[in-house]
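J.: The structure is given below, and queries will be raised subsequently.
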Amino acid sequence: MPTNPSTVPRCRASLTIPVEPAQGGWYTSAEHDALRMTLIDSDGWRTGWRSADYVTAFETAFAQYTGADQAIAFNSGGTALEMILRTLRLRPGDEVISCAVNFVGPHIAVIGQGGQLVLAEPDPVTLNLDPADTERAMGPRTRAILVTHWNGATADIALFTELAARRPHPVHGPPRVIVDAARACGGRTPSGARVGAEGWATLFSFESKKLMTTLGQGGMVTTNDPALARQLEGLRTYGGREGWGTNQLLTKAQAAVGMVQLARLDDMNAARIARAHARTAALADIPELDLPPSLDESRHLYYRHNLLLPEEWAGGRRDELMNTLAARYGVGSIISDPVTYLAHGLIRHHTLGQCCPRAEQLAARLLCPCLHPQMTSTEEALIRDSIRAATADVTRSRPPTS
């Protein structure tokens, strides 16, 4: 989707460092070889591009990697979430709770599938969905809790599963815990489980910027519920032989590249974590910056390296820092993510009357300078030095009042 212009610097033409990486999981000769072999294998009228064997192999490998019983591939993470929600057959007034600090896609999906989106506050450290505020938001119409592993920091899914069990829907039983792991593929939750092994359904995205990618788009759902897996398999292939469905299949080429990316995922994530931890250490002495938590055991994969600025910088001075980094130092950054009801008109209209003040305050302090493991040491040094210098510039421009 188009970039929200309010989340990026005003002047971007002369950036040395972009606002965000265009590619997350990078490719090696192994991905190129897999793609060439797929082309050769498909270059004949008797074979063509039928994808079943390749996709099944990718699904099996992905399920084994995550520890889930089953994995179902889709053409994108967005369509995967739409189909998970579709299986709930939400009726007007059926509620789905989600964190107000989020990418707009999951919230649009809830609205599009007929649910009532109920917004809850983020945890003040990780900005993941706050379990306590989720419990406050729950009611007799709650059908699902949609938990996002936000910007690579994993949420404690077991807490939400326990919460759902304590607060069952009067007809449908415990609300379903749906996990958005688009930015946390390969991570581990506080329980030690791989992301994808817990909850009713977990969706992954392999879009170009994600931690592993399949030629620009692609997605996967993991689940331990065989009935859900059967429904999803039908929904992505014209309903099987009985129900409604459409074509949401992953291609043979995507699956072949996905197998290679999956085999390299842990190494790519380790490089990302090392780069993020080094940046955190280098910026630790800047008093104006609250740095992301350095969680162990792959509990933070740093899809973004989030900076939280002082409360008095919320909004205007945060934007001043973002624009100073760009205009004076050539370093791009992005506000990822704003509160969704302030960023998207459909969500704003749908959630009219809802307000999450903690989310608004935290999002107004948020800034994410570009980070990628393949940056050169010179590029990384430029970013660190520029953050330090630009922060000092903004501090000097408006010294604190006594």
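Chain lettering (A, B, ...) mirrors the order of the structure tokens, residue numbering begins at 1 for each chain separately, and ligand numbering begins at 1 in order of display.
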As a VMD selection string, which residues of stretch 35-258 of chain A does DSSP assign to strand (DSSP E or B)?
T.: chain A and resid 70 to 74 95 to 99 101 116 to 120 122 129 142 to 148 153 169 173 176 to 180 188 194 201 to 205 219 to 223 237 247
J.: Write the residues you've just listed into a file as a short mmCIF file (atom, residue, chain, number, x, y, z; two decimals), in the first residue's frame, and include C-alpha atoms for each of them.
T.:
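Everything below was put into out.cif:
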data_model
loop_
_atom_site.label_atom_id
_atom_site.label_comp_id
_atom_site.auth_asym_id
_atom_site.auth_seq_id
_atom_site.Cartn_x
_atom_site.Cartn_y
_atom_site.Cartn_z
CA GLN A 70 0.04 -27.82 9.90
CA ALA A 71 1.00 -24.98 7.62
CA ILE A 72 -1.10 -23.62 4.76
CA ALA A 73 0.52 -21.37 2.14
CA PHE A 74 -1.19 -18.30 0.67
CA GLU A 95 -15.88 -8.21 18.50
CA VAL A 96 -12.22 -8.71 17.68
CA ILE A 97 -9.73 -7.05 20.05
CA SER A 98 -6.42 -5.75 18.73
CA CYS A 99 -3.70 -3.29 19.70
CA VAL A 101 -0.51 0.65 17.65
CA GLN A 116 -16.45 -5.00 15.26
CA LEU A 117 -12.87 -3.90 15.87
CA VAL A 118 -12.20 -3.15 19.54
CA LEU A 119 -8.92 -1.38 20.22
CA ALA A 120 -6.78 -1.90 23.30
CA PRO A 122 -0.05 -1.38 24.03
CA LEU A 129 -0.98 -5.76 22.94
CA THR A 142 -15.70 -11.03 22.01
CA ARG A 143 -14.98 -13.64 19.33
CA ALA A 144 -11.24 -13.24 18.86
CA ILE A 145 -8.08 -11.62 20.19
CA LEU A 146 -5.75 -10.53 17.38
CA VAL A 147 -2.20 -10.30 18.77
CA THR A 148 0.56 -8.73 16.67
CA ALA A 153 9.24 -8.19 19.60
CA HIS A 169 -18.20 -16.47 24.52
CA GLY A 173 -16.64 -20.75 23.63
CA ARG A 176 -9.89 -17.48 19.24
CA VAL A 177 -6.34 -16.20 19.65
CA ILE A 178 -5.11 -15.15 16.20
CA VAL A 179 -1.47 -14.14 15.91
CA ASP A 180 -0.04 -11.73 13.35
CA ARG A 188 10.48 -17.37 19.98
CA ARG A 194 8.70 -20.90 18.10
CA ALA A 201 -3.85 -19.54 14.04
CA THR A 202 -0.68 -17.63 13.20
CA LEU A 203 -0.22 -15.77 9.95
CA PHE A 204 3.11 -14.92 8.34
CA SER A 205 3.98 -12.57 5.51
CA GLY A 219 2.19 -15.85 3.18
CA MET A 220 1.59 -18.80 5.46
CA VAL A 221 -0.78 -19.84 8.23
CA THR A 222 0.20 -22.28 10.97
CA THR A 223 -2.34 -24.01 13.18
CA THR A 237 -8.62 -23.10 -3.98
CA ASN A 247 -7.44 -18.55 -6.03
#
J.: Please provide the set of residues having any atom within 10 Å of A:His372, restricted to only C-alpha atoms, with same-chain residues fewer than 6 positions apart removed, written as a list in words.
T.: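 Once the nearby chain positions are removed, what remains is Glu20, Pro21, Ala22, Gln23, Gly24, Gly25, Trp26, Ala271, Arg272, Ile273, Arg275, Ala276, Tyr302, Tyr303, Arg304, His305 and Glu380 of chain A.
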J.: One number please: atom CA of A:Phe206 to atom CA of A:Gly44, in Å, one decimal.
T.: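 For atom CA of A:Phe206 relative to atom CA of A:Gly44, the distance reads 28.1 Å.
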J.: Can you list, as a list in words, every protein, DNA or RNA residue that comes within 12 Å of A:Asp53 when you count only C-alpha atoms, leaving out same-chain residues fewer than 6 positions away?
T.: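 Skipping anything fewer than 6 positions along the chain leaves Thr38, Thr47, Glu59, Thr60, Leu250, Thr251, Lys252, Ala253, Ala255 and Ala256 of chain A.
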J.: Can you tell me, as a PyMOL selection string, which residues in stretch 266-384 of chain A count as helix (DSSP H, G or I) by DSSP?
T.: chain A and resi 266-283+311-313+316-329+340-343+345-350+357-364+377-384
J.: Tell me which of A:Thr126, A:Ala314, A:Arg86, A:Leu371 sits closest to A:Lys209, counting only C-alpha atoms.
T.: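 Of all the options, A:Leu371 lies closest to A:Lys209.
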J.: Write out as a ChimeraX atom specification each polymer residue whose atoms come within 12 Å of A:Met268, counting only C-alpha atoms; drop sequence neighbours fewer than 6 positions from it.
T.: /A:24-28,185-187,210-213,260-262,274-275,298,301-303,372-374
J.: So which one's closest to A:Arg358, A:Glu198, A:Asp225, A:Asp133, A:Asp156? Using only C-alpha atoms, please.
T.: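 Result for the nearest residue to A:Arg358: A:Asp133.
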J.: With only C-alpha atoms as the basis for distance, which of A:His149, A:Arg299, A:His32, A:Arg46 is at the shortest distance from A:Ser191?
T.: A:Arg299
J.: So that I can check the surroundings of A:Val125, please list as a VMD selection string every protein, DNA and RNA residue that reaches within 12 Å of it, counting only C-alpha atoms and ignoring chain neighbours fewer than 4 positions away.
T.: chain A and resid 121 129 to 130 150 153 to 155 290 to 295 306 to 308 358 to 359 362 to 363 366
J.: With distances taken over only C-alpha atoms, which residue among A:Arg230, A:Arg398, A:Arg183, A:Arg365 lies nearest A:Ile84?
T.: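 Closest to A:Ile84 of all the choices is A:Arg230.
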J.: Which value, in Å to one decimal, gives the distance between atom CA of A:Ser42 and atom CA of A:Gln231?
T.: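 These atoms are spaced 29.1 Å apart.
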J.: Kindly indicate which residue among A:Leu90, A:Val104, A:Ala63, A:Ala229 lies nearest to A:Met259, using only C-alpha atoms for the distances.
T.: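 Between A:Leu90, A:Val104, A:Ala63, A:Ala229, the residue approaching A:Met259 most closely is A:Ala63.
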J.: Determine the nearest neighbour of A:Pro168 from the options A:Pro140, A:Ala327, A:Leu352, A:Pro338, counting only C-alpha atoms.
T.: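 Counting only C-alpha atoms, the residue closest to A:Pro168 is A:Pro140.
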J.: Quick one: residues within 10 Å of A:Met83, only C-alpha atoms, excluding same-chain residues fewer than 5 positions away - as a PyMOL selection string?
T.: chain A and resi 74+77-78+88+109+113+221+231-233+235-236+245+248
J.: Emit the selected residues as a PDB file, in the first residue's frame, including N, CA and C atoms.
T.:
ATOM      1  N   PHE A  74      -0.309 -19.233   1.362  1.00  0.00           N
ATOM      2  CA  PHE A  74      -1.194 -18.297   0.669  1.00  0.00           C
ATOM      3  C   PHE A  74      -0.353 -17.355  -0.185  1.00  0.00           C
ATOM      4  N   GLY A  77       0.239 -12.542   3.225  1.00  0.00           N
ATOM      5  CA  GLY A  77      -0.202 -12.580   4.616  1.00  0.00           C
ATOM      6  C   GLY A  77      -1.548 -11.917   4.800  1.00  0.00           C
ATOM      7  N   GLY A  78      -1.821 -10.884   3.994  1.00  0.00           N
ATOM      8  CA  GLY A  78      -3.105 -10.197   4.110  1.00  0.00           C
ATOM      9  C   GLY A  78      -4.279 -11.074   3.756  1.00  0.00           C
ATOM     10  N   LEU A  88     -14.519 -17.585  10.961  1.00  0.00           N
ATOM     11  CA  LEU A  88     -15.279 -17.287  12.184  1.00  0.00           C
ATOM     12  C   LEU A  88     -16.724 -16.909  11.885  1.00  0.00           C
ATOM     13  N   ALA A 109      -8.751  -5.833   7.809  1.00  0.00           N
ATOM     14  CA  ALA A 109      -9.235  -7.198   7.601  1.00  0.00           C
ATOM     15  C   ALA A 109     -10.404  -7.516   8.528  1.00  0.00           C
ATOM     16  N   GLN A 113     -14.248  -8.330   7.170  1.00  0.00           N
ATOM     17  CA  GLN A 113     -14.918  -9.603   7.414  1.00  0.00           C
ATOM     18  C   GLN A 113     -16.121  -9.473   8.339  1.00  0.00           C
ATOM     19  N   VAL A 221      -0.057 -19.708   6.975  1.00  0.00           N
ATOM     20  CA  VAL A 221      -0.783 -19.836   8.234  1.00  0.00           C
ATOM     21  C   VAL A 221      -0.339 -21.122   8.900  1.00  0.00           C
ATOM     22  N   GLN A 231     -10.523 -25.942   6.242  1.00  0.00           N
ATOM     23  CA  GLN A 231     -11.275 -24.797   5.727  1.00  0.00           C
ATOM     24  C   GLN A 231     -10.382 -23.858   4.925  1.00  0.00           C
ATOM     25  N   LEU A 232      -9.194 -23.591   5.432  1.00  0.00           N
ATOM     26  CA  LEU A 232      -8.291 -22.673   4.745  1.00  0.00           C
ATOM     27  C   LEU A 232      -7.827 -23.247   3.409  1.00  0.00           C
ATOM     28  N   GLU A 233      -7.584 -24.544   3.369  1.00  0.00           N
ATOM     29  CA  GLU A 233      -7.181 -25.169   2.112  1.00  0.00           C
ATOM     30  C   GLU A 233      -8.272 -25.032   1.056  1.00  0.00           C
ATOM     31  N   LEU A 235     -10.653 -22.565   1.053  1.00  0.00           N
ATOM     32  CA  LEU A 235     -10.849 -21.153   0.745  1.00  0.00           C
ATOM     33  C   LEU A 235      -9.821 -20.627  -0.260  1.00  0.00           C
ATOM     34  N   ARG A 236      -8.621 -21.191  -0.264  1.00  0.00           N
ATOM     35  CA  ARG A 236      -7.585 -20.691  -1.180  1.00  0.00           C
ATOM     36  C   ARG A 236      -7.653 -21.361  -2.555  1.00  0.00           C
ATOM     37  N   GLY A 245     -14.727 -20.183  -2.367  1.00  0.00           N
ATOM     38  CA  GLY A 245     -13.290 -19.973  -2.291  1.00  0.00           C
ATOM     39  C   GLY A 245     -12.832 -19.188  -3.492  1.00  0.00           C
ATOM     40  N   GLN A 248      -5.914 -18.238  -4.153  1.00  0.00           N
ATOM     41  CA  GLN A 248      -4.976 -17.519  -3.310  1.00  0.00           C
ATOM     42  C   GLN A 248      -3.698 -18.338  -3.116  1.00  0.00           C
TER      43      GLN A 248
END
J.: Rounded to one decimal place, report the atom CA of A:Thr395-atom CA of A:Asp319 distance in Å.
T.: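 Separation of atom CA of A:Thr395 and atom CA of A:Asp319: 13.0 Å.
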